[in-house]
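Asker: For reference, the file query-v1.pdb (PDB, C-alpha atoms) is included below:
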```pdb
ATOM      1  CA  ASP N 808      16.018   3.497   8.868
ATOM      2  CA  ASP N 809      12.425   3.544  10.101
ATOM      3  CA  TYR N 810      11.360   1.542  13.160
ATOM      4  CA  TYR N 811       7.828   1.277  11.779
ATOM      5  CA  THR N 812       8.687  -0.543   8.571
ATOM      6  CA  ASN N 813       8.971  -4.307   8.053
ATOM      7  CA  LEU N 814      11.124  -4.682   4.963
ATOM      8  CA  LEU N 815      12.248  -8.316   5.027
ATOM      9  CA  SER N 816      10.435 -11.621   4.452
ATOM     10  CA  TRP N 817      11.744 -15.161   3.912
ATOM     11  CA  SER N 818       9.574 -17.557   1.895
ATOM     12  CA  CYS N 819       9.245 -21.319   2.276
ATOM     13  CA  GLN N 820      10.793 -21.527  -1.218
ATOM     14  CA  ASP N 821      13.999 -19.963   0.178
ATOM     15  CA  TYR N 822      13.572 -16.538  -1.381
ATOM     16  CA  ILE N 823      14.233 -13.487   0.729
ATOM     17  CA  ALA N 824      12.394 -10.287  -0.206
ATOM     18  CA  ILE N 825      13.968  -7.078   1.009
ATOM     19  CA  SER N 826      13.123  -3.469   0.259
ATOM     20  CA  LEU N 827      16.045  -1.067   0.107
ATOM     21  CA  ASP N 828      15.838   2.522  -1.068
ATOM     22  CA  ASN N 829      12.536   2.132  -2.993
ATOM     23  CA  THR N 830      13.556  -1.145  -4.669
ATOM     24  CA  VAL N 831      12.358  -4.614  -3.685
ATOM     25  CA  TYR N 832      14.965  -7.314  -4.308
ATOM     26  CA  LEU N 833      14.602 -11.083  -4.299
ATOM     27  CA  TYR N 834      17.556 -13.072  -3.021
ATOM     28  CA  ASP N 835      17.624 -16.799  -3.838
ATOM     29  CA  TYR N 836      19.129 -18.425  -0.763
ATOM     30  CA  GLN N 837      20.008 -21.634  -2.658
ATOM     31  CA  THR N 838      21.894 -20.007  -5.556
ATOM     32  CA  SER N 839      22.818 -16.617  -4.012
ATOM     33  CA  ASP N 840      21.282 -14.898  -7.068
ATOM     34  CA  ILE N 841      19.841 -11.435  -6.514
ATOM     35  CA  GLU N 842      17.279  -9.863  -8.804
ATOM     36  CA  THR N 843      15.387  -6.604  -8.793
ATOM     37  CA  PHE N 844      11.743  -7.525  -8.265
ATOM     38  CA  TYR N 845      10.052  -4.121  -8.098
ATOM     39  CA  GLU N 846      11.040  -0.460  -8.244
ATOM     40  CA  ALA N 847       8.665   1.869  -6.441
ATOM     41  CA  TYR N 848       7.898   5.411  -7.509
ATOM     42  CA  LYS N 849       9.614   8.061  -5.387
ATOM     43  CA  LEU N 850       6.394   8.980  -3.543
ATOM     44  CA  GLU N 851       5.227   5.382  -3.183
ATOM     45  CA  LYS N 852       7.962   3.916  -0.897
ATOM     46  CA  VAL N 853       7.461   0.258   0.088
ATOM     47  CA  THR N 854       7.059  -0.008   3.880
ATOM     48  CA  SER N 855       6.278  -3.722   4.424
ATOM     49  CA  VAL N 856       6.641  -7.059   2.625
ATOM     50  CA  THR N 857       5.487 -10.632   3.287
ATOM     51  CA  PHE N 858       5.175 -13.904   1.373
ATOM     52  CA  ASN N 859       2.087 -16.105   1.413
ATOM     53  CA  PRO N 860       2.471 -19.588   3.015
ATOM     54  CA  ALA N 861       3.181 -21.252  -0.368
ATOM     55  CA  GLY N 862       5.847 -18.668  -1.200
ATOM     56  CA  ASP N 863       4.444 -17.923  -4.656
ATOM     57  CA  ARG N 864       2.802 -14.579  -3.794
ATOM     58  CA  LEU N 865       4.329 -11.450  -2.292
ATOM     59  CA  ALA N 866       2.347  -8.689  -0.588
ATOM     60  CA  MET N 867       3.861  -5.209  -0.440
ATOM     61  CA  GLY N 868       2.457  -2.342   1.617
ATOM     62  CA  ASN N 869       3.385   1.248   0.932
ATOM     63  CA  ILE N 870       3.547   4.658   2.564
ATOM     64  CA  MET N 871       0.255   5.728   0.933
ATOM     65  CA  GLY N 872      -1.792   2.918   2.550
ATOM     66  CA  SER N 873      -2.007   0.570  -0.441
ATOM     67  CA  ILE N 874      -1.169  -3.125  -0.593
ATOM     68  CA  SER N 875      -0.279  -4.876  -3.822
ATOM     69  CA  ILE N 876      -0.295  -8.650  -4.293
ATOM     70  CA  TRP N 877       2.268 -10.042  -6.758
ATOM     71  CA  ASP N 878       2.904 -13.339  -8.516
ATOM     72  CA  VAL N 879       6.558 -14.014  -7.592
ATOM     73  CA  GLU N 880       7.478 -16.205 -10.571
ATOM     74  CA  ARG N 881       5.937 -13.974 -13.236
ATOM     75  CA  LYS N 882       6.770 -10.678 -11.440
ATOM     76  CA  LYS N 883       3.227  -9.540 -12.157
ATOM     77  CA  GLU N 884       0.869  -7.557  -9.950
ATOM     78  CA  LEU N 885      -2.340  -9.535  -9.436
ATOM     79  CA  PHE N 886      -4.381  -6.891  -7.609
ATOM     80  CA  SER N 887      -4.230  -3.957  -5.244
ATOM     81  CA  ILE N 888      -6.047  -3.259  -1.966
ATOM     82  CA  ASP N 889      -6.764   0.305  -0.832
ATOM     83  CA  ARG N 890      -8.303   0.250   2.663
ATOM     84  CA  HIS N 891      -5.769   2.045   4.852
ATOM     85  CA  LEU N 892      -5.520   5.815   5.014
ATOM     86  CA  ASP N 893      -1.797   5.915   5.840
ATOM     87  CA  ARG N 894       1.428   3.865   5.782
ATOM     88  CA  VAL N 895       1.060   0.059   5.884
ATOM     89  CA  SER N 896       3.631  -0.746   8.563
ATOM     90  CA  CYS N 897       3.234  -4.509   8.893
ATOM     91  CA  LEU N 898       1.812  -7.550   7.133
ATOM     92  CA  ASP N 899       1.372 -11.234   7.999
ATOM     93  CA  TRP N 900      -0.092 -13.914   5.720
ATOM     94  CA  SER N 901      -1.626 -17.278   6.629
ATOM     95  CA  ASP N 902      -3.793 -19.864   4.896
ATOM     96  CA  LYS N 903      -6.828 -17.874   6.082
ATOM     97  CA  GLY N 904      -5.720 -14.571   4.594
ATOM     98  CA  LEU N 905      -3.615 -11.455   4.935
ATOM     99  CA  LEU N 906      -3.334  -9.134   7.951
ATOM    100  CA  SER N 907      -2.219  -5.531   7.603
ATOM    101  CA  GLY N 908      -1.466  -2.919  10.254
ATOM    102  CA  SER N 909      -1.133   0.780   9.600
ATOM    103  CA  LYS N 910      -0.263   4.216  10.857
ATOM    104  CA  ASP N 911      -4.017   4.884  10.590
ATOM    105  CA  LYS N 912      -4.307   2.789  13.842
ATOM    106  CA  ASN N 913      -6.283  -0.022  12.181
ATOM    107  CA  VAL N 914      -5.739  -3.693  11.429
ATOM    108  CA  TYR N 915      -7.445  -5.281   8.441
ATOM    109  CA  PHE N 916      -7.948  -8.959   7.702
ATOM    110  CA  TYR N 917      -8.407  -9.798   4.011
ATOM    111  CA  ASP N 918      -9.777 -13.202   3.070
ATOM    112  CA  ILE N 919      -8.298 -13.293  -0.427
ATOM    113  CA  ARG N 920      -8.884 -16.976  -1.136
ATOM    114  CA  MET N 921     -11.754 -16.007  -3.454
ATOM    115  CA  ARG N 922     -11.618 -13.625  -6.402
ATOM    116  CA  ARG N 923     -13.990 -11.230  -4.595
ATOM    117  CA  PHE N 924     -12.193 -11.002  -1.267
ATOM    118  CA  THR N 925     -13.723  -9.782   1.977
ATOM    119  CA  ALA N 926     -12.171  -7.404   4.481
ATOM    120  CA  SER N 927     -12.707  -7.030   8.225
ATOM    121  CA  LYS N 928     -11.526  -4.059  10.269
ATOM    122  CA  PHE N 929     -10.157  -4.309  13.820
ATOM    123  CA  GLN N 930      -9.836  -1.113  15.891
ATOM    124  CA  SER N 931      -8.446  -0.605  19.398
ATOM    125  CA  HIS N 932      -5.023   0.949  18.979
ATOM    126  CA  THR N 933      -4.687   4.681  19.610
ATOM    127  CA  GLN N 934      -1.416   5.019  17.674
ATOM    128  CA  GLU N 935       0.315   3.288  14.767
ATOM    129  CA  VAL N 936       0.051  -0.501  14.507
ATOM    130  CA  CYS N 937       3.637  -1.712  14.067
ATOM    131  CA  GLY N 938       3.262  -5.497  14.399
ATOM    132  CA  VAL N 939       0.738  -8.197  13.442
ATOM    133  CA  LYS N 940       1.116 -11.964  13.804
ATOM    134  CA  TRP N 941      -1.126 -15.017  13.288
ATOM    135  CA  ASN N 942      -1.188 -17.707  15.988
ATOM    136  CA  CYS N 943      -0.051 -21.285  15.265
ATOM    137  CA  ASP N 944      -3.377 -22.558  13.870
ATOM    138  CA  ASN N 945      -4.401 -19.229  12.263
ATOM    139  CA  SER N 946      -7.525 -18.929  14.419
ATOM    140  CA  ARG N 947      -6.382 -15.777  16.224
ATOM    141  CA  PHE N 948      -3.915 -12.978  15.697
ATOM    142  CA  ALA N 949      -2.066 -10.377  17.730
ATOM    143  CA  SER N 950      -1.424  -6.729  17.024
ATOM    144  CA  GLY N 951       1.130  -4.462  18.651
ATOM    145  CA  GLY N 952       1.207  -0.697  18.521
ATOM    146  CA  ASN N 953       3.129   2.437  19.281
ATOM    147  CA  ASP N 954       0.504   3.051  21.987
ATOM    148  CA  ASN N 955       2.431   0.525  24.141
ATOM    149  CA  ARG N 956      -0.358  -2.048  23.802
ATOM    150  CA  ALA N 957      -0.618  -5.546  22.394
ATOM    151  CA  PHE N 958      -3.995  -7.080  21.642
ATOM    152  CA  ALA N 959      -5.033 -10.655  20.917
ATOM    153  CA  TRP N 960      -7.975 -10.979  18.536
ATOM    154  CA  ASP N 961     -10.397 -13.672  17.448
ATOM    155  CA  LEU N 962     -11.592 -13.258  13.853
ATOM    156  CA  THR N 963     -15.227 -13.530  14.973
ATOM    157  CA  ALA N 964     -15.043 -10.709  17.556
ATOM    158  CA  ASN N 965     -14.785  -6.987  16.970
ATOM    159  CA  LYS N 966     -13.125  -6.374  20.352
ATOM    160  CA  PRO N 967      -9.797  -7.756  21.603
ATOM    161  CA  ILE N 968      -9.949 -10.950  23.653
ATOM    162  CA  MET N 969      -6.810  -9.919  25.547
ATOM    163  CA  THR N 970      -4.910  -6.689  26.189
ATOM    164  CA  LEU N 971      -1.303  -6.343  27.334
ATOM    165  CA  ALA N 972       0.227  -3.040  28.468
ATOM    166  CA  HIS N 973       3.922  -2.290  27.947
ATOM    167  CA  LYS N 974       6.330   0.564  28.598
ATOM    168  CA  ALA N 975       7.233   1.059  24.923
ATOM    169  CA  GLY N 976       5.863   0.404  21.444
ATOM    170  CA  VAL N 977       5.161  -3.261  20.659
ATOM    171  CA  LYS N 978       6.536  -4.452  17.337
ATOM    172  CA  ALA N 979       7.765  -7.969  18.151
ATOM    173  CA  LEU N 980       5.014 -10.588  18.428
ATOM    174  CA  CYS N 981       5.226 -14.379  18.481
ATOM    175  CA  TRP N 982       2.855 -17.224  19.366
ATOM    176  CA  LYS N 983       3.938 -20.484  20.967
ATOM    177  CA  LYS N 984       1.690 -23.532  20.987
ATOM    178  CA  LYS N 985       1.481 -25.620  24.132
ATOM    179  CA  LYS N 986      -1.774 -26.834  25.666
ATOM    180  CA  LYS N 987      -3.134 -23.442  24.744
ATOM    181  CA  ASP N 988      -1.823 -20.439  22.842
ATOM    182  CA  ILE N 989       0.851 -18.327  24.509
ATOM    183  CA  LEU N 990       1.439 -14.831  23.111
ATOM    184  CA  ILE N 991       4.996 -13.532  23.439
ATOM    185  CA  THR N 992       5.435  -9.795  22.915
ATOM    186  CA  GLY N 993       8.349  -7.403  22.876
ATOM    187  CA  GLY N 994       7.808  -6.750  26.580
ATOM    188  CA  GLY N 995       6.880 -10.157  28.037
ATOM    189  CA  LEU N 996       4.448 -13.014  27.619
ATOM    190  CA  ALA N 997       0.862 -13.865  28.443
ATOM    191  CA  ASP N 998      -1.570 -16.703  27.913
TER     192      ASP N 998
END
```
Could you render the structure from this file as structure tokens?
Answerer:
Amino acid sequence: DDYYTNLLSWSCQDYIAISLDNTVYLYDYQTSDIETFYEAYKLEKVTSVTFNPAGDRLAMGNIMGSISIWDVERKKELFSIDRHLDRVSCLDWSDKGLLSGSKDKNVYFYDIRMRRFTASKFQSHTQEVCGVKWNCDNSRFASGGNDNRAFAWDLTANKPIMTLAHKAGVKALCWKKKKKDILITGGGLAD
């Protein structure tokens, strides 16, 4: 019952990952089978989940600021990332890599296509980041925060390319492709 968590993700392979009461379950939409995928330690608490574009990897963020990447079929942890200093509230994965937003006010981009991944830090929020979303061609992303701000980012810049002010925290983010990108946020839209 926490506004700042993102505990549901639907993969292109028709699996739904959901975290309930420290357990991550996988629901097979085709067969209606449910299996326990992961049980977190009491202090760990999973706070965000997302599948990669192929649906064969699952990223899970936790309350301590860690992200673990799992092989879905083998139920095996592949590696862990420890960059954030507080709860990982939101995740979004594209072909370019994984985005994570945190209560520590930062967004990280991880290019995990290589064994030795790289990480880039994006800072502008003054409160918890509660939403991140790639655009349609994965060239830009948006972040929304409890500071009532949404930012659009280019991976090559360390400052936002666009800022939107709202009257409440921004968790909902969506991009629509027309002649150019249009960012739709929980409080309106901008291009």
Asker: Region 832-905 of chain N near region 808-812 of chain N within 6 Å: what's each residue's closest atom pair and its distance in Å to one decimal, counting all atoms listed in the file, ordered by chain then ascending residue number, as a Markdown table?
Answerer:
```
| residue | atom | partner | partner_atom | distance |
| --- | --- | --- | --- | --- |
| N:Thr854 | CA | N:Thr812 | CA | 5.0 |
| N:Ser855 | CA | N:Thr812 | CA | 5.8 |
| N:Ser896 | CA | N:Thr812 | CA | 5.1 |
```
Asker: Just the residues within 9 Å of Arg864 (chain N), please, counting only C-alpha atoms, with nothing from its chain fewer than 6 positions along; format it as JSON, numbers by chain.
Answerer: {"N": [857, 858, 876, 877, 878, 879, 880]}
Asker: How many Å separate CA of Ser931 (chain N) from CA of Cys981 (chain N)?
Answerer: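 Taking CA of Ser931 (chain N) and CA of Cys981 (chain N), their separation equals 19.4 Å.
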Asker: Determine the residue membership of the PyMOL selection byres ((chain N and resi 899) around 8) for the file above and supply it as a compact mmCIF listing (two decimals) with C-alpha atoms, in the coordinates of the input.
Answerer:
```
# COMPACT_ATOMS: atom_id res chain seq x y z
CA THR N 857 5.49 -10.63 3.29
CA CYS N 897 3.23 -4.51 8.89
CA LEU N 898 1.81 -7.55 7.13
CA TRP N 900 -0.09 -13.91 5.72
CA SER N 901 -1.63 -17.28 6.63
CA LEU N 905 -3.62 -11.46 4.93
CA LEU N 906 -3.33 -9.13 7.95
CA SER N 907 -2.22 -5.53 7.60
CA VAL N 939 0.74 -8.20 13.44
CA LYS N 940 1.12 -11.96 13.80
CA TRP N 941 -1.13 -15.02 13.29
```
Asker: Identify all residues satisfying the PyMOL selection byres ((chain N and resi 824-841) around 9) in the given file; provide them as an mmCIF file with C-alpha atoms, keeping the file's coordinate frame.
Answerer:
```cif
data_model
loop_
_atom_site.group_PDB
_atom_site.id
_atom_site.type_symbol
_atom_site.label_atom_id
_atom_site.label_comp_id
_atom_site.auth_asym_id
_atom_site.auth_seq_id
_atom_site.Cartn_x
_atom_site.Cartn_y
_atom_site.Cartn_z
ATOM 1 C CA ASN N 813 8.971 -4.307 8.053
ATOM 2 C CA LEU N 814 11.124 -4.682 4.963
ATOM 3 C CA LEU N 815 12.248 -8.316 5.027
ATOM 4 C CA SER N 816 10.435 -11.621 4.452
ATOM 5 C CA TRP N 817 11.744 -15.161 3.912
ATOM 6 C CA SER N 818 9.574 -17.557 1.895
ATOM 7 C CA GLN N 820 10.793 -21.527 -1.218
ATOM 8 C CA ASP N 821 13.999 -19.963 0.178
ATOM 9 C CA TYR N 822 13.572 -16.538 -1.381
ATOM 10 C CA ILE N 823 14.233 -13.487 0.729
ATOM 11 C CA GLU N 842 17.279 -9.863 -8.804
ATOM 12 C CA THR N 843 15.387 -6.604 -8.793
ATOM 13 C CA PHE N 844 11.743 -7.525 -8.265
ATOM 14 C CA TYR N 845 10.052 -4.121 -8.098
ATOM 15 C CA GLU N 846 11.040 -0.460 -8.244
ATOM 16 C CA ALA N 847 8.665 1.869 -6.441
ATOM 17 C CA TYR N 848 7.898 5.411 -7.509
ATOM 18 C CA LYS N 849 9.614 8.061 -5.387
ATOM 19 C CA GLU N 851 5.227 5.382 -3.183
ATOM 20 C CA LYS N 852 7.962 3.916 -0.897
ATOM 21 C CA VAL N 853 7.461 0.258 0.088
ATOM 22 C CA THR N 854 7.059 -0.008 3.880
ATOM 23 C CA SER N 855 6.278 -3.722 4.424
ATOM 24 C CA VAL N 856 6.641 -7.059 2.625
ATOM 25 C CA THR N 857 5.487 -10.632 3.287
ATOM 26 C CA PHE N 858 5.175 -13.904 1.373
ATOM 27 C CA LEU N 865 4.329 -11.450 -2.292
#
```
Asker: Calculate how many Å separate CA of Ser875 (chain N) from CA of His891 (chain N), rounding to one decimal.
Answerer: 12.4 Å
Asker: Check what the PyMOL selection byres ((chain N and resi 975) around 10) selects in the file above and give those residues as a PyMOL selection string.
Answerer: chain N and resi 952-956+972-974+976-978+993-994
Asker: Find, counting all atoms listed in the file, the residue in N:Ile874, N:Cys943, N:Leu980, N:Asp911 that gets nearest to Asp889 (chain N).
Answerer: N:Ile874
Asker: Between N:Ala964, N:Thr933, N:Asn942, N:Ile888, which residue has the minimum interatomic distance to Tyr917 (chain N), considering only C-alpha atoms?
Answerer: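 Among the listed residues, N:Ile888 lies closest to Tyr917 (chain N).
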Asker: Measuring between all atoms listed in the file, which one of N:Ala926, N:Lys966, N:Asp918, N:Glu935 shows the shortest distance to Arg894 (chain N)?
Answerer: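 With all atoms listed in the file as the atom set, the closest residue is N:Glu935.
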Asker: Could you tell me how far CA of Pro860 (chain N) lies from CA of Asp988 (chain N), in Å and to one decimal?
Answerer: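 Atom-to-atom, CA of Pro860 (chain N) and CA of Asp988 (chain N) are spaced 20.3 Å apart.
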Asker: Some atoms are absent from region 938-949 of chain N, so rebuild all heavy atoms and return them as an mmCIF file, in the frame of the given file.
Answerer:
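Contents of rebuild.cif, as written:
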```cif
data_model
loop_
_atom_site.group_PDB
_atom_site.id
_atom_site.type_symbol
_atom_site.label_atom_id
_atom_site.label_comp_id
_atom_site.auth_asym_id
_atom_site.auth_seq_id
_atom_site.Cartn_x
_atom_site.Cartn_y
_atom_site.Cartn_z
ATOM 1 N N GLY N 938 3.035 -4.067 14.458
ATOM 2 C CA GLY N 938 3.262 -5.497 14.399
ATOM 3 C C GLY N 938 1.949 -6.259 14.346
ATOM 4 O O GLY N 938 1.005 -5.901 15.057
ATOM 5 N N VAL N 939 1.875 -7.273 13.487
ATOM 6 C CA VAL N 939 0.738 -8.197 13.442
ATOM 7 C C VAL N 939 1.288 -9.606 13.267
ATOM 8 O O VAL N 939 2.299 -9.797 12.603
ATOM 9 C CB VAL N 939 -0.276 -7.886 12.303
ATOM 10 C CG1 VAL N 939 -1.048 -6.611 12.582
ATOM 11 C CG2 VAL N 939 0.398 -7.823 10.948
ATOM 12 N N LYS N 940 0.627 -10.592 13.892
ATOM 13 C CA LYS N 940 1.116 -11.964 13.804
ATOM 14 C C LYS N 940 -0.019 -12.956 14.054
ATOM 15 O O LYS N 940 -0.742 -12.848 15.038
ATOM 16 C CB LYS N 940 2.227 -12.183 14.840
ATOM 17 C CG LYS N 940 2.906 -13.503 14.754
ATOM 18 C CD LYS N 940 3.761 -13.578 13.529
ATOM 19 C CE LYS N 940 4.531 -14.890 13.472
ATOM 20 N NZ LYS N 940 5.081 -15.135 12.165
ATOM 21 N N TRP N 941 -0.171 -13.926 13.126
ATOM 22 C CA TRP N 941 -1.126 -15.017 13.288
ATOM 23 C C TRP N 941 -0.645 -15.964 14.373
ATOM 24 O O TRP N 941 0.551 -16.153 14.554
ATOM 25 C CB TRP N 941 -1.255 -15.807 11.992
ATOM 26 C CG TRP N 941 -2.042 -15.120 10.926
ATOM 27 C CD1 TRP N 941 -1.536 -14.477 9.835
ATOM 28 C CD2 TRP N 941 -3.458 -15.017 10.839
ATOM 29 N NE1 TRP N 941 -2.557 -13.980 9.075
ATOM 30 C CE2 TRP N 941 -3.749 -14.293 9.665
ATOM 31 C CE3 TRP N 941 -4.517 -15.465 11.632
ATOM 32 C CZ2 TRP N 941 -5.055 -14.006 9.264
ATOM 33 C CZ3 TRP N 941 -5.808 -15.175 11.239
ATOM 34 C CH2 TRP N 941 -6.069 -14.456 10.076
ATOM 35 N N ASN N 942 -1.590 -16.646 15.063
ATOM 36 C CA ASN N 942 -1.188 -17.707 15.988
ATOM 37 C C ASN N 942 -0.900 -18.984 15.202
ATOM 38 O O ASN N 942 -0.990 -19.008 13.971
ATOM 39 C CB ASN N 942 -2.240 -17.921 17.088
ATOM 40 C CG ASN N 942 -3.511 -18.596 16.599
ATOM 41 O OD1 ASN N 942 -3.798 -18.666 15.410
ATOM 42 N ND2 ASN N 942 -4.298 -19.087 17.535
ATOM 43 N N CYS N 943 -0.530 -20.056 15.912
ATOM 44 C CA CYS N 943 -0.051 -21.285 15.265
ATOM 45 C C CYS N 943 -1.074 -21.954 14.358
ATOM 46 O O CYS N 943 -0.712 -22.517 13.328
ATOM 47 C CB CYS N 943 0.422 -22.273 16.327
ATOM 48 S SG CYS N 943 1.773 -21.614 17.327
ATOM 49 N N ASP N 944 -2.363 -21.916 14.715
ATOM 50 C CA ASP N 944 -3.377 -22.558 13.870
ATOM 51 C C ASP N 944 -4.213 -21.546 13.076
ATOM 52 O O ASP N 944 -5.236 -21.885 12.506
ATOM 53 C CB ASP N 944 -4.269 -23.492 14.680
ATOM 54 C CG ASP N 944 -5.106 -22.763 15.724
ATOM 55 O OD1 ASP N 944 -5.069 -21.510 15.790
ATOM 56 O OD2 ASP N 944 -5.816 -23.449 16.485
ATOM 57 N N ASN N 945 -3.765 -20.298 13.047
ATOM 58 C CA ASN N 945 -4.401 -19.229 12.263
ATOM 59 C C ASN N 945 -5.852 -18.962 12.666
ATOM 60 O O ASN N 945 -6.650 -18.507 11.856
ATOM 61 C CB ASN N 945 -4.332 -19.537 10.761
ATOM 62 C CG ASN N 945 -2.924 -19.768 10.307
ATOM 63 O OD1 ASN N 945 -2.018 -19.044 10.676
ATOM 64 N ND2 ASN N 945 -2.719 -20.809 9.522
ATOM 65 N N SER N 946 -6.174 -19.200 13.933
ATOM 66 C CA SER N 946 -7.525 -18.929 14.419
ATOM 67 C C SER N 946 -7.611 -17.575 15.125
ATOM 68 O O SER N 946 -8.693 -17.023 15.278
ATOM 69 C CB SER N 946 -7.977 -20.031 15.377
ATOM 70 O OG SER N 946 -7.107 -20.092 16.496
ATOM 71 N N ARG N 947 -6.464 -17.067 15.538
ATOM 72 C CA ARG N 947 -6.382 -15.777 16.224
ATOM 73 C C ARG N 947 -5.161 -15.027 15.701
ATOM 74 O O ARG N 947 -4.296 -15.597 15.065
ATOM 75 C CB ARG N 947 -6.227 -15.971 17.726
ATOM 76 C CG ARG N 947 -7.416 -16.614 18.365
ATOM 77 C CD ARG N 947 -7.196 -16.817 19.835
ATOM 78 N NE ARG N 947 -8.427 -17.299 20.433
ATOM 79 C CZ ARG N 947 -8.510 -17.771 21.645
ATOM 80 N NH1 ARG N 947 -7.439 -17.830 22.409
ATOM 81 N NH2 ARG N 947 -9.664 -18.186 22.127
ATOM 82 N N PHE N 948 -5.110 -13.754 16.032
ATOM 83 C CA PHE N 948 -3.915 -12.978 15.697
ATOM 84 C C PHE N 948 -3.651 -11.959 16.783
ATOM 85 O O PHE N 948 -4.521 -11.672 17.614
ATOM 86 C CB PHE N 948 -4.036 -12.320 14.318
ATOM 87 C CG PHE N 948 -5.029 -11.198 14.237
ATOM 88 C CD1 PHE N 948 -4.649 -9.882 14.487
ATOM 89 C CD2 PHE N 948 -6.347 -11.438 13.903
ATOM 90 C CE1 PHE N 948 -5.553 -8.839 14.407
ATOM 91 C CE2 PHE N 948 -7.269 -10.407 13.814
ATOM 92 C CZ PHE N 948 -6.870 -9.107 14.069
ATOM 93 N N ALA N 949 -2.454 -11.420 16.783
ATOM 94 C CA ALA N 949 -2.066 -10.377 17.730
ATOM 95 C C ALA N 949 -1.672 -9.135 16.959
ATOM 96 O O ALA N 949 -1.196 -9.215 15.823
ATOM 97 C CB ALA N 949 -0.904 -10.858 18.591
#
```
